[in-house]
Amino acid sequence: MLLKVHFHFFNMNVRQYFSYDFPAAVVVFLVALPLCLGIALASGAPMFAGIIAGIAGGVVAGSLSGSNLSVSGPAAGLTTIVLAAITDLGSYPTFLLCVVLAGLLQIALGFLRAGNIGHFVPIAVIKGMLCSIGIILILKQLPHALGYDSDFEGDENFIQGDGRNTFSEILESLNYITPGALLLTIVSIVILLAWDSQWVRNRKFAQYVPGPLVVVFLGIVLNYLFISSIPWLAIVESKHMVSMPVLSNLSEFPSLFTLPDFSKLMDSKIYIIAATIAVVASLETLLSIEACDKLDPFKRITPLNRELKAQGVANVFSGLIGGLPVTSVIVRSSANINAGARTKASAITHGLILFLAILAIPRILQLIPLASLAAILLAVGYKLTKPALYKSMWNKGMSQFLPFIATIIGVLFTDLLEGVFIGLIVAVFFILKTNFKEAILMVSEGKNYLIRLTKDVSFLNKATLRKNLRAIPNDTSVVIDATQANFIDNDIYETIEDFIDGAKAKNIHVDLKNISPHKQNIN
């Protein structure tokens, strides 16, 4: 399969690659670099561990995945788990063993077809998740856009590692505005808006030069001019720039990798942590893949079981050489889609660029202001949560709008998985409510009543059935028709039996239709 993937990669349409996939890969690289480093920092892991995970997610998961647009790497949703695990185990090499075992578990889940779980997430919840990620990107990047870089890049949780929450961080940032960062953000947003205009998009150069790359290059140049000519606008503190490990020479390269400690295989804690990582990483991946398929302009469907296997192999690879756990990440994937990617070549290329860049131009990367990257993520966030989507969901009715809004609020004030779970609960409520209405139908004409049982009728419909039966007046006749019912459970049978027992006293004639002896217990 891997050979087949590489054959496709190197024999694809060259013009399409350089027009769409390569520019998108550059954009994803620019987004992924600070996220990889920020997540590693927040996880209590070596900084290079985030880069390794980014490379593994791009090259390994990207090559084996059936998704055309998903981009994998270290996930913000795992930072709390990873930090607690490293602290509990007392050793990063021991934690790496957990990552390897988690990858093996994901491969097993793929063969067990556990990926099919992803198909059961309602579209309203998926759209709510996408909108919430867009809002979070905007809210989380506002402090960075103002030049306040207290929280790590890539944090998606409401309660932050610096002790503040999403909103208090924004308020705090107003006290520490860096003029140069604010100016860079404004200029960058103007450029990104211009690059999205029809006039620029019709120009041939725009197909090969992505707007975010222009923004980053201009950010470096403008800050150099600030330093040399307008000192009060200069961004000089390293905390406001991309921070990454720099090798003094290539001989130090092997020292950046860490091997797992296989001597701890008999420790039971290893397997508990590995199972936790495997389950959480798999759920985040499935949700991200469903969201990517929804954003895919070509509406391609990703094989979810294959995706779990691909993620598993990437985690085994990442863990074996010192990297963090890998998942499909919606922020990078949405940036990839918005940048115009067409195939998985973009995800693979972004991983290769990440690898080459840290070796060849680490000092140049350190010149990138975080404000420039914040502008890029602000633009991505807006595209994910456009007002038109809210209007569209509102027009579909409360059964779609409320799960959508519940998911947004849940993700915004908790985290991705908890927020989606909240949205699922609301969605299930409406599914059950609809089932209550459709499973039992009652119509009347004069003194004749018809109660029709449709689809599956369970104890959940008992209250509705009792309400309808109580509404039938004395001196009437009623037909209870189960022709369309595939299943009727015992609670429904007993409810009907109780009604029949009392019907004679009310002079109600009851006729049962297609409730055969094998379907019911009424004598």
# chains A, B, ... in the order shown; residues from 1 in each chain; ligands from 1
>>> residues_around(residues="region 373-377 of chain A", least_positions_apart="4", cutoff="7 Å", atoms="only C-alpha atoms", output="ChimeraX atom specification")
/A:31,137,141,144-145,185,188-189,212,381
>>> closest_atom_pairs(of="region 289-364 of chain A", to="region 251-268 of chain A", cutoff="8 Å", atoms="only C-alpha atoms", output="Markdown table")
| residue | atom | partner | partner_atom | distance |
| --- | --- | --- | --- | --- |
| A:Gly319 | CA | A:Pro260 | CA | 6.9 |
| A:Leu320 | CA | A:Leu259 | CA | 5.8 |
| A:Ile321 | CA | A:Leu259 | CA | 5.5 |
| A:Gly322 | CA | A:Thr258 | CA | 4.4 |
>>> write_last_selection(atoms="N, CA and C atoms", output="compact mmCIF listing (two decimals), in the first residue's frame")
# COMPACT_ATOMS: atom_id res chain seq x y z
N GLY A 319 6.64 7.54 18.41
CA GLY A 319 7.09 7.09 19.73
C GLY A 319 8.47 6.46 19.70
N LEU A 320 8.79 5.76 18.62
CA LEU A 320 10.08 5.06 18.53
C LEU A 320 11.26 6.02 18.41
N ILE A 321 11.02 7.24 17.91
CA ILE A 321 12.14 8.18 17.73
C ILE A 321 12.02 9.42 18.61
N GLY A 322 11.05 9.43 19.55
CA GLY A 322 11.01 10.51 20.53
C GLY A 322 9.93 11.54 20.34
>>> atom_distance(atom1="CA of Arg452 (chain A)", atom2="CA of Val428 (chain A)")
23.7 Å
>>> residues_around(residues="region 93-99 of chain A", least_positions_apart="3", cutoff="10 Å", atoms="only C-alpha atoms", output="NGL selection string")
:A and (45 or 82-83 or 85-90 or 102-105 or 258-265 or 267 or 269-278 or 312 or 314-326)
>>> closest_residue(among="A:Val380, A:Val121, A:Ile133, A:Ala25", to="Asp196 (chain A)", atoms="only C-alpha atoms")
A:Val380
>>> select_by_dssp(residues="region 86-300 of chain A", states="alpha helix (DSSP H)", output="PyMOL selection string")
chain A and resi 86-89+92-111+123-146+166-173+179-195+198-201+205-208+211-229+268-295
>>> write_last_selection(atoms="C-alpha atoms", output="CSV table (one decimal), in the first residue's frame")
chain,number,residue,atom,x,y,z
A,86,ILE,CA,5.2,12.2,31.9
A,87,THR,CA,4.9,13.5,35.5
A,88,ASP,CA,3.4,10.2,36.8
A,89,LEU,CA,5.9,8.0,35.0
A,92,TYR,CA,10.1,10.8,29.0
A,93,PRO,CA,11.5,7.6,27.5
A,94,THR,CA,9.0,5.6,29.5
A,95,PHE,CA,6.2,7.8,28.2
A,96,LEU,CA,7.4,7.1,24.6
A,97,LEU,CA,6.8,3.4,25.3
A,98,CYS,CA,3.1,4.4,25.9
A,99,VAL,CA,3.0,6.2,22.6
A,100,VAL,CA,4.3,3.1,20.8
A,101,LEU,CA,1.7,0.9,22.5
A,102,ALA,CA,-1.0,3.4,21.8
A,103,GLY,CA,-0.2,3.2,18.1
A,104,LEU,CA,-0.4,-0.6,18.2
A,105,LEU,CA,-3.8,-0.4,19.9
A,106,GLN,CA,-5.0,2.1,17.2
A,107,ILE,CA,-3.9,-0.4,14.5
A,108,ALA,CA,-5.9,-3.1,16.3
A,109,LEU,CA,-8.9,-0.8,16.5
A,110,GLY,CA,-8.7,-0.2,12.8
A,111,PHE,CA,-8.8,-4.0,12.1
A,123,ILE,CA,-23.9,16.6,10.8
A,124,ALA,CA,-25.2,19.4,13.1
A,125,VAL,CA,-22.6,18.5,15.7
A,126,ILE,CA,-19.8,18.3,13.1
A,127,LYS,CA,-20.7,21.8,11.8
A,128,GLY,CA,-20.9,23.0,15.4
A,129,MET,CA,-17.5,21.6,16.1
A,130,LEU,CA,-16.1,23.4,13.0
A,131,CYS,CA,-17.7,26.7,14.0
A,132,SER,CA,-16.4,26.4,17.6
A,133,ILE,CA,-12.9,25.7,16.4
A,134,GLY,CA,-13.2,28.9,14.3
A,135,ILE,CA,-14.3,30.9,17.3
A,136,ILE,CA,-11.6,29.5,19.5
A,137,LEU,CA,-8.9,30.3,16.8
A,138,ILE,CA,-10.1,33.9,16.8
A,139,LEU,CA,-10.3,34.3,20.6
A,140,LYS,CA,-7.0,32.5,21.3
A,141,GLN,CA,-5.1,34.4,18.6
A,142,LEU,CA,-6.3,37.9,19.7
A,143,PRO,CA,-3.7,38.2,22.5
A,144,HIS,CA,-1.0,37.0,20.1
A,145,ALA,CA,-2.2,39.6,17.5
A,146,LEU,CA,-1.8,42.3,20.2
A,166,THR,CA,-10.0,32.3,27.1
A,167,PHE,CA,-11.8,35.6,27.9
A,168,SER,CA,-9.7,36.8,30.8
A,169,GLU,CA,-6.6,36.3,28.6
A,170,ILE,CA,-8.0,38.7,26.1
A,171,LEU,CA,-8.7,41.3,28.8
A,172,GLU,CA,-5.3,40.9,30.2
A,173,SER,CA,-3.7,41.3,26.8
A,179,PRO,CA,2.4,48.5,18.9
A,180,GLY,CA,4.6,46.7,16.3
A,181,ALA,CA,2.7,43.4,16.7
A,182,LEU,CA,-0.6,45.1,16.4
A,183,LEU,CA,0.5,47.0,13.2
A,184,LEU,CA,1.9,43.7,11.7
A,185,THR,CA,-1.4,42.0,12.4
A,186,ILE,CA,-3.5,44.7,10.7
A,187,VAL,CA,-1.2,44.8,7.7
A,188,SER,CA,-1.2,41.0,7.5
A,189,ILE,CA,-5.0,40.8,7.6
A,190,VAL,CA,-5.3,43.4,4.9
A,191,ILE,CA,-2.9,41.4,2.7
A,192,LEU,CA,-4.8,38.2,3.3
A,193,LEU,CA,-8.1,39.9,2.4
A,194,ALA,CA,-6.5,41.3,-0.8
A,195,TRP,CA,-5.2,37.8,-1.6
A,198,GLN,CA,-11.1,38.1,-7.2
A,199,TRP,CA,-8.6,40.5,-8.7
A,200,VAL,CA,-5.6,38.9,-7.1
A,201,ARG,CA,-6.9,35.3,-7.5
A,205,PHE,CA,1.4,34.5,-9.5
A,206,ALA,CA,-1.3,34.0,-6.8
A,207,GLN,CA,-1.6,30.3,-7.8
A,208,TYR,CA,2.0,29.7,-6.8
A,211,GLY,CA,-1.0,34.8,0.8
A,212,PRO,CA,0.2,33.5,4.2
A,213,LEU,CA,3.8,33.1,2.9
A,214,VAL,CA,3.7,36.8,1.8
A,215,VAL,CA,2.4,37.7,5.3
A,216,VAL,CA,5.3,35.9,7.0
A,217,PHE,CA,7.9,37.3,4.7
A,218,LEU,CA,6.6,40.8,5.0
A,219,GLY,CA,6.4,40.3,8.8
A,220,ILE,CA,10.1,39.5,8.9
A,221,VAL,CA,11.0,42.5,6.6
A,222,LEU,CA,8.8,45.0,8.4
A,223,ASN,CA,10.2,44.0,11.8
A,224,TYR,CA,13.7,44.4,10.5
A,225,LEU,CA,12.8,48.0,9.3
A,226,PHE,CA,11.2,48.7,12.7
A,227,ILE,CA,14.4,47.6,14.5
A,228,SER,CA,16.7,49.7,12.2
A,229,SER,CA,14.5,52.8,11.8
A,268,SER,CA,0.8,-1.8,34.5
A,269,LYS,CA,0.6,2.0,34.4
A,270,ILE,CA,2.1,1.9,30.9
A,271,TYR,CA,-0.9,0.1,29.5
A,272,ILE,CA,-3.5,2.3,31.2
A,273,ILE,CA,-1.9,5.4,29.8
A,274,ALA,CA,-1.4,3.8,26.4
A,275,ALA,CA,-5.1,2.8,26.2
A,276,THR,CA,-6.1,6.4,27.3
A,277,ILE,CA,-4.0,8.0,24.5
A,278,ALA,CA,-5.2,5.5,21.9
A,279,VAL,CA,-8.9,6.1,22.7
A,280,VAL,CA,-8.6,9.9,23.0
A,281,ALA,CA,-6.4,10.2,19.9
A,282,SER,CA,-8.7,7.9,17.9
A,283,LEU,CA,-11.8,9.9,18.8
A,284,GLU,CA,-10.2,13.3,18.0
A,285,THR,CA,-9.0,11.8,14.7
A,286,LEU,CA,-12.5,10.5,13.7
A,287,LEU,CA,-14.1,13.8,14.5
A,288,SER,CA,-11.4,15.7,12.6
A,289,ILE,CA,-11.8,13.4,9.6
A,290,GLU,CA,-15.6,13.8,9.5
A,291,ALA,CA,-15.1,17.5,9.7
A,292,CYS,CA,-12.5,17.5,6.8
A,293,ASP,CA,-14.9,15.4,4.6
A,294,LYS,CA,-17.6,18.0,5.3
A,295,LEU,CA,-15.2,20.8,4.2
>>> atom_distance(atom1="CA of Phe22 (chain A)", atom2="CA of Ala49 (chain A)")
24.9 Å
>>> closest_residue(among="A:Ser67, A:Ser399, A:Ser346, A:Thr80", to="Gln16 (chain A)", atoms="only C-alpha atoms")
A:Ser346
>>> atom_distance(atom1="CA of Asp456 (chain A)", atom2="CA of Phe487 (chain A)")
4.8 Å
